[in-house]
Amino acid sequence: MKKLFIIANWKSNETTPESNSWIQEFSNVKLPISHEAEKEVIICPPFTLLAGLKNLIVDKDLGLKLGAQDISPFAQGAHTGEINAQEVKEFADYVIIGHSERRLELGEDDSVISEKVKRALEAELTPIFCVQGIDTPVPDGVSVVAYEPVSAIGTGKADTPEDAERVAKTIKEKYSYVQHVLYGGSVRGGNVAGFTQGQFIDGVLVGGASLDADKFIQIVKNS
Ligand code: PGA
């Protein structure tokens with residue numbers, strides 16, 4: 001059975017009390033996730049919640065992994081406001097890089113994004129590299145790619161599993177170093193299986209539906 005990555009991207013949402021309630025709800029349901037399980041469940045909260053969530057996950061032995069939503073393209077040093085890969089590595093194993101919201105709202109281009117990938121790999125963080133289609137270049141060394149068509153993000157209009165499978169297959173054929181391709185964009189409990197049951201898709205990146213612990217649990221269960 002293939003390993004599945006089920007990733008929650010909380011984006012710019014959730015305060016400490018809200019994330020505590022989310023974890024409480026999540027931990028009330030005994031999901032069969034552990035370090036050996038075939039499902040890797042990763043929460044990507046805002047930076048401000050990483051330390052607190054790490055403690056809760058360890059204390060409650062939840063088997064969840066953590067990821068950041070971004071990192072600095074710079075190494076440690078005089079870069080006011082930046083959070084670098086080494087700092088993220090203290091709390092997380094993964095980092096989302098190249099999300100289309102950052103490309104569109106903050107003007108991130110392929111060159112800054114590839115710097116971020118380099119910094120992540122140096123710090124032994126696994127990039128979850130977002131592409132909008134087969135034309136987005138995937139930098140060397142990236143093993144996890146998330147295919148997220150812009151038209152599907154936050155719109156309730158998910159891509160079809162057939163199209164997502166075709167893109168996942170093409171990406172794997174094009175880049176020998178890519179081992180896992182995920183789908184993201186309006187994933188819900190009701191449509192997740194269509195994506196995860198395919199031959200080439202290895203999981204999902206979930207935005208809106210991941211903010212509600214119940215909805216996210218349904219996605220984990222149905223994947
Ligand atoms: P969505 O977002 O699930 O709200 O469509 C997905 C994403 O942007 O990662």
# chains A, B, ... in the order shown; residues from 1 in each chain; ligands from 1

call {"tool": "residues_around", "arguments": {"residues": "Lys30 in chain A", "least_positions_apart": "4", "cutoff": "12 Å", "atoms": "only C-alpha atoms", "output": "PyMOL selection string"}}
result
chain A and resi 24-26+34+60-63+217+220-221

call {"tool": "residues_around", "arguments": {"residues": "range 127-129 of chain A", "least_positions_apart": "2", "cutoff": "9 Å", "atoms": "only C-alpha atoms", "output": "list of chain:residue names"}}
result
A:Gly67, A:Asp93, A:Tyr94, A:Val95, A:Ile96, A:Ile97, A:Gly98, A:His99, A:Lys116, A:Val117, A:Ala120, A:Leu121, A:Leu125, A:Val131, A:Val138, A:Pro139, A:Val142, A:Ser143, A:Val144, A:Val145, A:Ala146, A:Tyr147

call {"tool": "write_last_selection", "arguments": {"atoms": "N, CA and C atoms", "output": "compact mmCIF listing (two decimals), in the first residue's frame"}}
result
# COMPACT_ATOMS: atom_id res chain seq x y z
N GLY A 67 4.50 21.18 9.88
CA GLY A 67 5.18 21.87 8.78
C GLY A 67 4.96 23.36 8.92
N ASP A 93 9.16 19.35 10.46
CA ASP A 93 9.90 18.51 9.51
C ASP A 93 9.66 18.93 8.07
N TYR A 94 8.59 19.70 7.86
CA TYR A 94 8.18 20.04 6.50
C TYR A 94 8.03 21.56 6.36
N VAL A 95 8.03 22.02 5.11
CA VAL A 95 7.69 23.42 4.86
C VAL A 95 7.04 23.53 3.47
N ILE A 96 5.92 24.24 3.44
CA ILE A 96 5.26 24.52 2.15
C ILE A 96 6.06 25.62 1.46
N ILE A 97 6.38 25.41 0.21
CA ILE A 97 7.11 26.44 -0.55
C ILE A 97 6.42 26.66 -1.90
N GLY A 98 6.26 27.94 -2.25
CA GLY A 98 5.75 28.26 -3.58
C GLY A 98 4.24 28.23 -3.71
N HIS A 99 3.52 28.38 -2.59
CA HIS A 99 2.06 28.38 -2.70
C HIS A 99 1.61 29.52 -3.61
N LYS A 116 14.47 29.34 -1.52
CA LYS A 116 13.81 28.78 -0.33
C LYS A 116 13.98 27.25 -0.29
N VAL A 117 13.87 26.63 -1.46
CA VAL A 117 14.06 25.18 -1.52
C VAL A 117 15.47 24.81 -1.08
N ALA A 120 15.75 25.11 2.65
CA ALA A 120 15.02 24.02 3.32
C ALA A 120 15.86 22.74 3.29
N LEU A 121 16.38 22.41 2.13
CA LEU A 121 17.13 21.16 1.99
C LEU A 121 18.40 21.19 2.85
N LEU A 125 14.83 20.11 6.06
CA LEU A 125 13.37 20.23 6.06
C LEU A 125 12.89 19.70 4.71
N VAL A 131 2.85 23.47 -7.15
CA VAL A 131 2.84 23.84 -8.57
C VAL A 131 1.40 24.04 -9.00
N VAL A 138 10.07 22.52 -11.21
CA VAL A 138 10.29 21.91 -9.88
C VAL A 138 11.80 21.83 -9.64
N PRO A 139 12.32 22.57 -8.64
CA PRO A 139 13.77 22.58 -8.42
C PRO A 139 14.33 21.20 -8.04
N VAL A 142 13.64 18.32 -4.88
CA VAL A 142 12.29 18.32 -4.30
C VAL A 142 11.68 16.93 -4.44
N SER A 143 11.24 16.36 -3.32
CA SER A 143 10.66 15.01 -3.42
C SER A 143 9.14 15.01 -3.27
N VAL A 144 8.58 16.08 -2.67
CA VAL A 144 7.12 16.14 -2.50
C VAL A 144 6.57 17.37 -3.22
N VAL A 145 5.68 17.13 -4.17
CA VAL A 145 5.07 18.21 -4.94
C VAL A 145 3.57 18.20 -4.68
N ALA A 146 2.98 19.40 -4.54
CA ALA A 146 1.52 19.48 -4.44
C ALA A 146 1.00 20.19 -5.68
N TYR A 147 0.18 19.50 -6.43
CA TYR A 147 -0.45 20.09 -7.61
C TYR A 147 -1.72 20.82 -7.15

call {"tool": "atom_distance", "arguments": {"atom1": "CA of Pro149 in chain A", "atom2": "CA of Ala213 in chain A"}}
result
24.4 Å

call {"tool": "residues_near_ligand", "arguments": {"ligand": "ligand 1", "cutoff": "8 Å", "atoms": "only C-alpha atoms and all ligand atoms", "output": "PyMOL selection string"}}
result
chain A and resi 8-9+11+99-101+148+152-156+158+184-188+205-210

call {"tool": "select_by_dssp", "arguments": {"residues": "range 8-217 of chain A", "states": "helix (DSSP H, G or I)", "output": "JSON, numbers by chain"}}
result
{"A": [16, 17, 18, 19, 20, 21, 22, 23, 24, 25, 26, 27, 28, 47, 48, 49, 50, 51, 52, 53, 54, 55, 56, 57, 58, 59, 85, 86, 87, 88, 89, 100, 101, 102, 103, 104, 105, 106, 110, 111, 112, 113, 114, 115, 116, 117, 118, 119, 120, 121, 122, 150, 151, 152, 161, 162, 163, 164, 165, 166, 167, 168, 169, 170, 171, 172, 173, 174, 192, 193, 194, 195, 196, 208, 209, 210, 211, 213, 214, 215, 216, 217]}

call {"tool": "select_by_dssp", "arguments": {"residues": "range 110-175 of chain A", "states": "strand (DSSP E or B)", "output": "PyMOL selection string"}}
result
chain A and resi 126-131+144-147
